[in-house]
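Encoded as structure tokens, the structure appears first; notes follow it.
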Number of protein chains: 2
Amino acid sequence: MKTMRQHTQLVIAAAMAAMLPLGGASSADAPRPAYRSPGEIIAAAPASHWRRPEPDNILIMELATGHVVIELAPRFAPEHVANIRTLARERFWDGATVYRVQDNFVAQFGDADGDDEAKARPLGTAKRKLPAEFHRPAEGLPFDRLPDVDGWAPEVGFSEGFPAARNPRTGTAWLAHCYGMVGAGRSNADDSSIGAELYVVIGQSPRQLDDNITVVGRVLLGIEHLSALRRGPGPMGFFEQPGDRTPIRSIRLASTLPGAASIPIEVMRTDSLSFHDAVEARRNRIDDFYRRPAGHIDLCNVPVPVRTSAD
Amino acid sequence: MKTMRQHTQLVIAAAMAAMLPLGGASSADAPRPAYRSPGEIIAAAPASHWRRPEPDNILIMELATGHVVIELAPRFAPEHVANIRTLARERFWDGATVYRVQDNFVAQFGDADGDDEAKARPLGTAKRKLPAEFHRPAEGLPFDRLPDVDGWAPEVGFSEGFPAARNPRTGTAWLAHCYGMVGAGRSNADDSSIGAELYVVIGQSPRQLDDNITVVGRVLLGIEHLSALRRGPGPMGFFEQPGDRTPIRSIRLASTLPGAASIPIEVMRTDSLSFHDAVEARRNRIDDFYRRPAGHIDLCNVPVPVRTSAD
């Protein structure tokens, strides 16, 4: 079977794809531009198509197996992000755990004993009550819309690197529950989350949660340290035995670390031409592997490229 | 934080959801039926709404951590399924490996040395060449259509337990790349797969592969033994070092096992009223948690219930 290596190189990286014309003779005189794979487009993107996230928006979680890097989204959840910054500064999560891993759904972390007043970790100066931040006004929000139909929302696209949705009728916008998005767990009351208990989507996008819960950010790097954790027993994936939970060594805000200004993470600008072109190249793949270009892409099938200086 | 347990019980299992009316007073005299959660509907389903997969369509993979149970789809890929049965009967995969785990994409298994003629595992009496089985005629195929819009295909729904799509214009139908679906890896040529190298979707549904590759079945049980495996190094998740691969103890066709007829696995019939009602209950959730019912469900967000006699 030589099939596999070739297949996957073409499907995923597409970096080896031949430079094929878009197909057929053009009706105009000018030849159409050659197809470029998403990988080729990303590799060729100029520096101006990348941005460095603010260190005050970067959370770094340290687990025994490595680091998970999260970008916070203060434009969507300013109160939650402010509280998360406080919790990180005051080291709320150091020694806390990933206490739930449910297959095809979420990995969840925070204070497994938060229900028990006698055992709960101190919240320090963090707020005990926040407003729900399920959505925000669409007005004033950058929004690079995808042309593709979406069953969950009237309009979908990207806002400064985050997958998002918008409803022109209500004038609201919200973050979408795609793979790697980070949300703030809540109880039945809308305003029962404070950002201390967070979950990361590790399966098929649970978009039914959109605009029903406060979403605070997205994992940029290291999601495999959460997504490959052993699943918890039982249908909801909780680890009831403390010894089965995954300890969190620390969660730090990058802005509080020495050398914060030089943290070498770059995210492709979702308002850049390179991003636009990479999405289009995914929407209609033209290479030696694909027989039937989809002519469509789902919001949650669009990766937002991230690179480090090591790349 | 008492938030988390309550939240997740409500979001996921919904078994605790109060029996709320669908809302407001009905304009007719008769009261509307009370909302039942998906969990309640499934628990109340009569025996006739469940089916036992044919033992000849059940593959059982044994790993050190447990079993992965796959249902094959001979109506969609008869030639591949026949070859897979031959390979299983002749123990092709015993001692083979899961040699690739790519985050948010696939776990892939088979003969890691298949490219190397000197090391390749013998294929026995299995065929070395099969036709591509990307799609089949829609005519004659049971198809329980979802009313929901889908960006990837004109029509989506379920065919005898498998998520599928249909195009009335071409008269074809194919299996959809949802979480847990099993496909046959191929090279660039359409007809380069024979079912020896298989992949399981362990992330956001890569629907761009639909109708571009032969899909052979779906994982019914035990996907966590694949989805929680450590990710392979590098962007495509291959384990180049043999010692890093996950050994497969065996893959057996249930029909070749003693007691095959009594393998206690049941799958909810996707043409049953219970399945229909459970989908509808997910499409519009009415419970103490959800503030905004989605009014929509994506094909790949619909779980097809599976139970064992242990349940």
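Each chain in the structure tokens gets a letter, A, B, ..., in the order shown, and its residues are numbered from 1; ligands are numbered from 1 in order too.
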With only C-alpha atoms as the counted atoms, please give the residues lying no more than 10 Å from A:Leu257, apart from itself and same-chain residues fewer than 5 positions off, as an MDAnalysis selection string.
chainID A and resid 55 60 252 263
Quick one: write out the picked residues with C-alpha atoms as an mmCIF file, in the first residue's frame?
data_model
loop_
_atom_site.group_PDB
_atom_site.id
_atom_site.type_symbol
_atom_site.label_atom_id
_atom_site.label_comp_id
_atom_site.auth_asym_id
_atom_site.auth_seq_id
_atom_site.Cartn_x
_atom_site.Cartn_y
_atom_site.Cartn_z
ATOM 1 C CA PRO A 55 0.385 38.953 25.505
ATOM 2 C CA ILE A 60 -0.425 29.345 28.694
ATOM 3 C CA ARG A 252 -0.235 31.915 33.222
ATOM 4 C CA ILE A 263 6.480 35.312 22.613
#
Which residues of chain B come within 7 Å of chain A, and for each one, what is the closest pair of atoms and their distance in Å to one decimal, counting only C-alpha atoms, sorted by chain and residue number, as a Markdown table?
| residue | atom | partner | partner_atom | distance |
| --- | --- | --- | --- | --- |
| B:Met1 | CA | A:Gly114 | CA | 4.3 |
| B:Lys2 | CA | A:Asp115 | CA | 4.3 |
| B:Thr3 | CA | A:Ser187 | CA | 4.2 |
| B:Met4 | CA | A:Gly185 | CA | 5.9 |
| B:Gln6 | CA | A:Ser187 | CA | 5.7 |
| B:His7 | CA | A:Ser187 | CA | 4.6 |
| B:Asp103 | CA | A:Glu224 | CA | 6.5 |
| B:Gly114 | CA | A:Met1 | CA | 4.5 |
| B:Asp115 | CA | A:Lys2 | CA | 4.4 |
| B:Val149 | CA | A:Gly151 | CA | 5.7 |
| B:Asp150 | CA | A:Gly151 | CA | 6.8 |
| B:Gly151 | CA | A:Val149 | CA | 5.7 |
| B:Trp152 | CA | A:His296 | CA | 6.2 |
| B:Tyr179 | CA | A:Gln204 | CA | 6.7 |
| B:Gly185 | CA | A:Met4 | CA | 5.9 |
| B:Arg186 | CA | A:Thr3 | CA | 4.8 |
| B:Ser187 | CA | A:Thr3 | CA | 4.0 |
| B:Asn188 | CA | A:Phe289 | CA | 4.7 |
| B:Ser192 | CA | A:Thr3 | CA | 6.9 |
| B:Gly203 | CA | A:Gly203 | CA | 5.1 |
| B:Gln204 | CA | A:Gln204 | CA | 4.4 |
| B:Ser205 | CA | A:Gln204 | CA | 6.4 |
| B:Gln208 | CA | A:Ala294 | CA | 5.6 |
| B:Asn212 | CA | A:Arg291 | CA | 5.8 |
| B:Glu224 | CA | A:Asp103 | CA | 6.5 |
| B:Ser227 | CA | A:Ala228 | CA | 6.8 |
| B:Ala228 | CA | A:Ala228 | CA | 4.2 |
| B:Leu229 | CA | A:Ala228 | CA | 5.6 |
| B:Arg230 | CA | A:Ala228 | CA | 5.5 |
| B:Arg231 | CA | A:Glu224 | CA | 6.7 |
| B:Asp288 | CA | A:Asn188 | CA | 5.9 |
| B:Phe289 | CA | A:Asn188 | CA | 4.7 |
| B:Tyr290 | CA | A:Asn212 | CA | 6.2 |
| B:Arg291 | CA | A:Asn212 | CA | 5.8 |
| B:Arg292 | CA | A:Asn212 | CA | 6.3 |
| B:Ala294 | CA | A:Gln208 | CA | 5.7 |
| B:His296 | CA | A:Trp152 | CA | 6.1 |
| B:Asn301 | CA | A:Gln204 | CA | 6.9 |
Between chain B and chain A, the Cα RMSD after least-squares superposition over all Cα in sequence order is 0.1 Å
Backbone DSSP call of alpha helix (DSSP H) for stretch 67-166 of chain B, listed as a count of residues only
12
Go through A:Gly217, A:Pro258, A:Pro142, A:Gly124 one by one, measure the shortest atom-to-atom distance of each to A:Pro74 using only C-alpha atoms, and give the residue with the smallest value.
A:Gly217
Atom CA of A:Ser37 to atom CA of A:Ile286: how many Å, to one decimal?
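Straight-line distance from atom CA of A:Ser37 to atom CA of A:Ile286 works out to 8.0 Å.
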Step one, run DSSP on the backbone; step two, keep only residues of stretch 99-187 of chain A assigned to strand (DSSP E or B); then write them as a PyMOL selection string.
chain A and resi 99-101+106-110+136-137+144-145+155-159+162-167+172-175+181-184
Shell around B:Gly195 at 10 Å using only C-alpha atoms, local window under 5 positions removed, as a VMD selection string:
chain B and resid 79 to 85 87 110 126 to 130 183 to 186 214 to 216
Excluding stretch 159-170 of chain B and any residue of its chain fewer than 5 positions from it, enumerate the residues within 9 Å of it, using only C-alpha atoms, and give them as number ranges by chain.
B: 73, 137-138, 141-145, 152-154, 175-178, 181, 210, 217-218, 267-271, 299-300, 302, 304
Could you please determine the separation between atom CA of A:Glu54 and atom CA of A:Trp174 in Å, to one decimal place?
20.8 Å
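A straight line drawn from atom CA of A:Arg136 to atom CA of A:Val200 is 21.1 Å long.
Closest approach to A:Met61 among A:Val279, A:Ile251, A:Val106, A:Ala118 is made by A:Ile251 (distances from only C-alpha atoms).
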Which residues come within 6 Å of B:Arg249, counting only C-alpha atoms, excluding same-chain residues fewer than 6 positions away, as number ranges by chain?
B: 62-63, 94-95
